[in-house]
file data-v4.cif (mmCIF, C-alpha atoms and all ligand atoms)
data_entry
loop_
_atom_site.label_atom_id
_atom_site.label_comp_id
_atom_site.auth_asym_id
_atom_site.auth_seq_id
_atom_site.Cartn_x
_atom_site.Cartn_y
_atom_site.Cartn_z
CA MET A 1 152.60 62.13 50.49
CA ASN A 2 153.74 65.66 51.10
CA HIS A 3 156.62 66.53 53.37
CA ARG A 4 154.38 68.07 56.04
CA THR A 5 152.27 64.89 56.38
CA GLY A 6 155.35 62.72 56.87
CA HIS A 7 156.75 65.16 59.40
CA LEU A 8 153.48 65.23 61.34
CA ILE A 9 153.23 61.43 61.44
CA SER A 10 156.70 61.17 62.94
CA HIS A 11 156.00 64.09 65.31
CA ILE A 12 152.86 62.27 66.56
CA GLN A 13 154.96 59.16 67.10
CA ARG A 14 157.25 61.14 69.42
CA LEU A 15 154.31 62.73 71.27
CA LEU A 16 152.67 59.35 71.90
CA HIS A 17 155.94 57.80 73.00
CA GLU A 18 156.58 60.64 75.45
CA HIS A 19 153.04 60.33 76.79
CA PHE A 20 152.68 56.56 77.15
CA GLY A 21 156.31 55.38 77.27
CA PRO A 22 157.25 51.97 75.85
CA LEU A 23 154.31 49.52 75.84
CA ARG A 24 156.31 46.44 74.80
CA TRP A 25 153.68 44.56 72.81
CA TRP A 26 152.54 41.86 72.09
CA PRO A 27 151.48 40.16 75.34
CA ALA A 28 152.33 36.51 74.53
CA GLU A 29 154.72 33.78 75.60
CA SER A 30 155.66 32.61 72.09
CA PRO A 31 155.48 33.79 68.46
CA PHE A 32 152.83 31.14 67.72
CA GLU A 33 150.71 32.52 70.54
CA VAL A 34 150.89 35.91 68.79
CA VAL A 35 149.67 34.29 65.57
CA VAL A 36 146.75 32.69 67.39
CA GLY A 37 145.94 35.97 69.16
CA ALA A 38 146.05 37.89 65.87
CA ILE A 39 143.42 35.57 64.38
CA LEU A 40 141.25 35.31 67.47
CA THR A 41 141.15 39.07 68.05
CA GLN A 42 139.24 39.71 64.82
CA ASN A 43 135.94 41.40 65.82
CA THR A 44 136.17 40.74 69.54
CA ALA A 45 137.52 42.20 72.78
CA TRP A 46 140.95 41.10 73.94
CA SER A 47 139.53 39.68 77.20
CA ASN A 48 137.64 37.07 75.13
CA VAL A 49 140.83 36.19 73.27
CA GLU A 50 142.61 35.65 76.59
CA ARG A 51 139.98 33.12 77.65
CA ALA A 52 140.33 31.18 74.41
CA ILE A 53 144.14 31.22 74.65
CA ALA A 54 143.93 30.01 78.25
CA ASN A 55 141.85 27.04 76.99
CA LEU A 56 144.44 26.23 74.32
CA LYS A 57 147.24 26.42 76.90
CA GLN A 58 145.41 24.21 79.31
CA ALA A 59 144.84 21.66 76.55
CA ARG A 60 148.55 21.93 75.64
CA VAL A 61 147.86 22.63 71.98
CA LEU A 62 149.32 26.11 71.60
CA ALA A 63 151.75 25.13 68.83
CA ALA A 64 151.19 24.43 65.13
CA LYS A 65 151.51 20.65 65.20
CA PRO A 66 149.24 19.78 68.13
CA LEU A 67 146.73 22.39 67.05
CA ALA A 68 146.62 20.95 63.53
CA ALA A 69 146.08 17.47 65.02
CA LEU A 70 142.82 18.51 66.72
CA THR A 71 139.51 17.89 65.04
CA ILE A 72 137.69 21.03 63.98
CA SER A 73 135.00 20.46 66.60
CA GLN A 74 137.60 20.09 69.37
CA LEU A 75 139.20 23.35 68.28
CA GLU A 76 135.83 25.10 68.04
CA GLU A 77 135.10 24.23 71.66
CA LEU A 78 138.46 25.58 72.83
CA VAL A 79 138.19 28.90 70.98
CA ARG A 80 134.46 29.39 71.56
CA PRO A 81 135.02 32.29 74.08
CA ALA A 82 136.60 34.39 71.30
CA GLY A 83 133.32 34.57 69.34
CA PHE A 84 132.81 33.67 65.65
CA PHE A 85 134.34 30.42 66.84
CA ARG A 86 133.52 28.26 63.82
CA GLN A 87 135.12 30.73 61.44
CA LYS A 88 138.13 31.34 63.70
CA ALA A 89 138.67 27.63 64.39
CA ALA A 90 138.70 26.95 60.64
CA ARG A 91 141.21 29.77 60.06
CA LEU A 92 143.47 28.61 62.86
CA HIS A 93 143.29 24.99 61.81
CA ASN A 94 144.07 25.85 58.23
CA LEU A 95 147.09 27.98 59.13
CA ALA A 96 148.39 25.46 61.68
CA ARG A 97 148.12 22.66 59.13
CA HIS A 98 149.86 24.73 56.48
CA LEU A 99 152.66 25.64 58.93
CA SER A 100 153.21 22.11 60.17
CA GLU A 101 152.79 20.26 56.85
CA ASP A 102 154.43 22.69 54.42
CA TRP A 103 156.84 24.69 56.60
CA GLY A 104 158.02 22.17 59.20
CA ASN A 105 156.48 24.28 62.01
CA ASP A 106 158.99 26.99 61.16
CA LEU A 107 157.12 30.26 61.58
CA ALA A 108 160.30 32.30 61.06
CA ALA A 109 160.85 30.65 57.67
CA PHE A 110 157.19 31.10 56.70
CA CYS A 111 157.46 34.81 57.52
CA GLY A 112 161.02 35.11 56.17
CA GLY A 113 162.53 36.30 52.89
CA PRO A 114 161.51 39.51 51.12
CA LEU A 115 158.79 41.25 53.12
CA ASP A 116 156.34 41.56 50.21
CA GLU A 117 156.63 37.83 49.50
CA ALA A 118 156.15 36.87 53.16
CA ARG A 119 153.11 39.16 53.33
CA ALA A 120 151.68 37.64 50.13
CA ARG A 121 152.11 34.13 51.63
CA LEU A 122 150.11 35.15 54.69
CA LEU A 123 147.43 36.90 52.63
CA ALA A 124 147.03 33.73 50.57
CA VAL A 125 145.84 31.85 53.69
CA PRO A 126 142.01 31.95 53.77
CA GLY A 127 140.72 34.32 56.45
CA ILE A 128 143.96 36.26 56.85
CA GLY A 129 143.48 39.87 55.77
CA PRO A 130 146.03 42.68 55.75
CA GLU A 131 145.64 43.69 59.41
CA THR A 132 146.11 40.10 60.63
CA ALA A 133 148.99 39.51 58.21
CA ASP A 134 150.81 42.66 59.32
CA SER A 135 150.19 41.86 63.01
CA ILE A 136 151.74 38.43 62.49
CA LEU A 137 154.69 39.83 60.55
CA LEU A 138 155.40 42.61 63.05
CA TYR A 139 154.57 41.04 66.38
CA ALA A 140 155.25 37.33 65.80
CA ALA A 141 158.08 37.50 63.27
CA SER A 142 159.67 40.88 64.06
CA ARG A 143 159.39 42.07 60.45
CA PRO A 144 158.99 45.81 59.79
CA SER A 145 155.40 45.76 58.51
CA PHE A 146 153.22 48.55 59.89
CA VAL A 147 149.80 47.50 61.25
CA VAL A 148 146.75 49.59 60.41
CA ASP A 149 143.45 49.10 62.21
CA ALA A 150 140.15 50.86 62.82
CA TYR A 151 141.76 52.85 65.65
CA THR A 152 144.42 54.18 63.28
CA ARG A 153 141.77 55.31 60.84
CA ARG A 154 139.64 56.93 63.54
CA ILE A 155 142.44 58.89 65.18
CA PHE A 156 144.15 60.06 62.01
CA GLU A 157 140.85 61.05 60.41
CA ARG A 158 140.03 63.13 63.48
CA ILE A 159 143.49 64.67 63.41
CA GLY A 160 142.90 65.56 59.76
CA LEU A 161 145.63 63.46 58.15
CA LEU A 162 143.24 60.92 56.58
CA SER A 163 140.08 61.66 54.64
CA GLY A 164 138.36 58.30 55.11
CA THR A 165 138.72 57.26 51.48
CA GLU A 166 142.19 55.68 51.77
CA SER A 167 142.65 51.94 51.38
CA TYR A 168 144.41 49.81 53.99
CA ASP A 169 147.53 49.72 51.86
CA ASP A 170 147.46 53.50 51.26
CA ILE A 171 147.56 54.08 55.01
CA ARG A 172 150.22 51.44 55.64
CA THR A 173 152.41 52.97 52.93
CA LEU A 174 151.90 56.46 54.39
CA PHE A 175 153.20 55.32 57.78
CA MET A 176 156.02 53.23 56.35
CA GLN A 177 157.22 56.17 54.25
CA SER A 178 157.05 58.52 57.22
CA ILE A 179 158.77 56.36 59.85
CA ALA A 180 162.19 54.88 59.12
CA GLU A 181 162.04 51.09 58.84
CA ASP A 182 162.40 49.86 62.39
CA VAL A 183 160.59 46.92 64.00
CA ARG A 184 160.73 48.45 67.48
CA ALA A 185 159.34 51.81 66.26
CA TYR A 186 156.50 50.18 64.29
CA ASN A 187 155.73 47.89 67.23
CA GLU A 188 155.46 50.80 69.66
CA TYR A 189 153.67 53.23 67.34
CA HIS A 190 150.78 50.84 66.64
CA ALA A 191 150.53 49.88 70.32
CA GLN A 192 150.40 53.56 71.30
CA ILE A 193 147.70 54.31 68.72
CA VAL A 194 145.60 51.52 70.27
CA GLN A 195 146.29 52.91 73.75
CA LEU A 196 145.17 56.40 72.70
CA ALA A 197 142.01 55.00 71.09
CA LYS A 198 141.13 53.24 74.34
CA SER A 199 141.92 56.20 76.58
CA CYS A 200 141.37 59.66 75.05
CA CYS A 201 140.09 59.04 71.52
CA ARG A 202 137.23 56.59 72.04
CA LYS A 203 134.62 55.94 69.39
CA ASN A 204 131.75 57.83 71.00
CA ARG A 205 133.57 59.99 73.53
CA THR A 206 136.76 61.98 73.20
CA SER A 207 138.80 63.51 76.01
CA CYS A 208 140.67 66.02 73.89
CA HIS A 209 141.68 68.14 76.89
CA ALA A 210 143.78 65.19 78.19
CA CYS A 211 145.08 64.05 74.80
CA PRO A 212 148.78 64.48 74.01
CA LEU A 213 147.85 65.23 70.39
CA ASN A 214 145.34 68.03 71.01
CA HIS A 215 147.63 70.79 69.68
CA VAL A 216 148.10 68.98 66.35
CA CYS A 217 144.52 67.71 65.99
CA ARG A 218 141.99 69.39 63.74
CA THR A 219 139.03 68.06 65.75
CA ALA A 220 140.41 69.42 69.03
CA THR A 221 141.19 72.78 67.44
CA ALA A 222 137.68 72.96 65.94
CA THR A 223 136.05 72.25 69.30
CA GLY A 224 138.44 74.51 71.23
CA ALA A 225 139.74 71.66 73.44
S1 LIG A 301 142.66 65.60 70.38
FE1 LIG A 301 140.69 64.58 70.63
S2 LIG A 301 139.98 63.98 68.60
FE2 LIG A 301 142.16 64.54 68.46
S3 LIG A 301 143.25 62.58 68.66
FE3 LIG A 301 143.11 63.47 70.71
S4 LIG A 301 141.21 62.65 71.63
FE4 LIG A 301 141.15 62.25 69.40
#
call {"tool": "encode", "arguments": {"input": "data-v4.cif", "output": "structure tokens"}}
result
Amino acid sequence: MNHRTGHLISHIQRLLHEHFGPLRWWPAESPFEVVVGAILTQNTAWSNVERAIANLKQARVLAAKPLAALTISQLEELVRPAGFFRQKAARLHNLARHLSEDWGNDLAAFCGGPLDEARARLLAVPGIGPETADSILLYAASRPSFVVDAYTRRIFERIGLLSGTESYDDIRTLFMQSIAEDVRAYNEYHAQIVQLAKSCCRKNRTSCHACPLNHVCRTATATGA
């Protein structure tokens, strides 16, 4: 990473923060609810996740032990609104069982210790990829692990800081080397990237004239926005 790239990534962080203000993610009442949300949100809209979480709350199973005690088919019914419900129920059940049987329901301990080791433990759970693992570490366990998603790739490719060939870990490392290790800063930066992707920098329609990043963005400069 050259010095200019790191400087620009931290400059963009300031611009987004000034534009959106603090977003205070993740919307959840408990760390375990964040874990469940991070798994259920794979390939679906957040509104569908909310419906599935409401079902789990109503059934009073939004904790590792009661969730692990459900049968798979009971859990499938509860998370059905989130889509891919068989796959997601299996992932949730597996993680809940692991947490309750091997970690005494102690999510903080499961996500504790050296960050790389905690991340490797999460990645070893079937169905948990890097984005889900980092979301759980950052938003459920308050560990400084930057979250990369499709929105991050889209925006930073359009800006001209990514080429599209970088791996997930390349991008995560780029951000973690550019922004001083700080849970609050990583929490807000990812949330603000998502906010920008849903407002100005949408997949098929950009509003570069209203975007707080237009003066540092190659796409906006190229189109004269
Ligand atoms: S200026 Fe346009 S292309 Fe660049 S980040 Fe903003 S909305 Fe996306």
call {"tool": "residues_around", "arguments": {"input": "data-v4.cif", "residues": "range 199-215 of chain A", "least_positions_apart": "4", "cutoff": "10 Å", "atoms": "only C-alpha atoms", "output": "list in words"}}
result
His11, Ile12, Gln13, Leu15, Leu16, His17, Glu18, His19, Phe20, Ala150, Tyr151, Arg154, Ile155, Arg158, Ile159, Ile193, Val194, Gln195, Thr219, Ala220, Thr221, Thr223, Gly224 and Ala225 of chain A
call {"tool": "atom_distance", "arguments": {"input": "data-v4.cif", "atom1": "CA of Phe146 in chain A", "atom2": "CA of Gly104 in chain A"}}
result
26.8 Å
call {"tool": "closest_residue", "arguments": {"input": "data-v4.cif", "among": "A:Leu70, A:Gln42, A:Glu29, A:Ala222", "to": "Gly160 in chain A", "atoms": "only C-alpha atoms"}}
result
A:Ala222
call {"tool": "atom_distance", "arguments": {"input": "data-v4.cif", "atom1": "CA of Gln177 in chain A", "atom2": "CA of Asn43 in chain A"}}
result
28.4 Å
call {"tool": "residues_around", "arguments": {"input": "data-v4.cif", "residues": "Ala89 in chain A", "least_positions_apart": "5", "cutoff": "7 Å", "atoms": "all atoms listed in the file", "output": "list of chain:residue names"}}
result
A:Ile72, A:Leu75, A:Glu76, A:Val79
call {"tool": "residues_near_point", "arguments": {"input": "data-v4.cif", "point": "(153.7, 39.3, 64.4)", "cutoff": "10 Å", "atoms": "all atoms listed in the file", "output": "ChimeraX atom specification"}}
result
/A:25-26,31-35,37-38,111,132-145,147,187
call {"tool": "atom_distance", "arguments": {"input": "data-v4.cif", "atom1": "CA of Leu196 in chain A", "atom2": "CA of Leu162 in chain A"}}
result
16.9 Å
call {"tool": "axis_aligned_box", "arguments": {"input": "data-v4.cif", "around": "range 29-45 of chain A", "padding_each_side": "4 Å", "output": "lines of an AutoDock Vina configuration file"}}
result
center_x = 145.8
center_y = 36.7
center_z = 70.0
size_x = 27.7
size_y = 19.1
size_z = 19.2
call {"tool": "residues_around", "arguments": {"input": "data-v4.cif", "residues": "Ala120 in chain A", "least_positions_apart": "5", "cutoff": "12 Å", "atoms": "all atoms listed in the file", "output": "MDAnalysis selection string"}}
result
chainID A and resid 110:115 125:126 128:130 133:134 137
call {"tool": "closest_residue", "arguments": {"input": "data-v4.cif", "among": "A:Thr152, A:Leu174, A:Asp169, A:Tyr189", "to": "ligand LIG 301 (chain A)", "atoms": "only C-alpha atoms and all ligand atoms"}}
result
A:Thr152
call {"tool": "closest_residue", "arguments": {"input": "data-v4.cif", "among": "A:Ser10, A:Thr41, A:Thr71, A:Asn55", "to": "Asn94 in chain A", "atoms": "only C-alpha atoms"}}
result
A:Thr71
call {"tool": "closest_residue", "arguments": {"input": "data-v4.cif", "among": "A:Leu56, A:Arg91, A:Ser100, A:Phe84", "to": "Ala69 in chain A", "atoms": "only C-alpha atoms"}}
result
A:Ser100
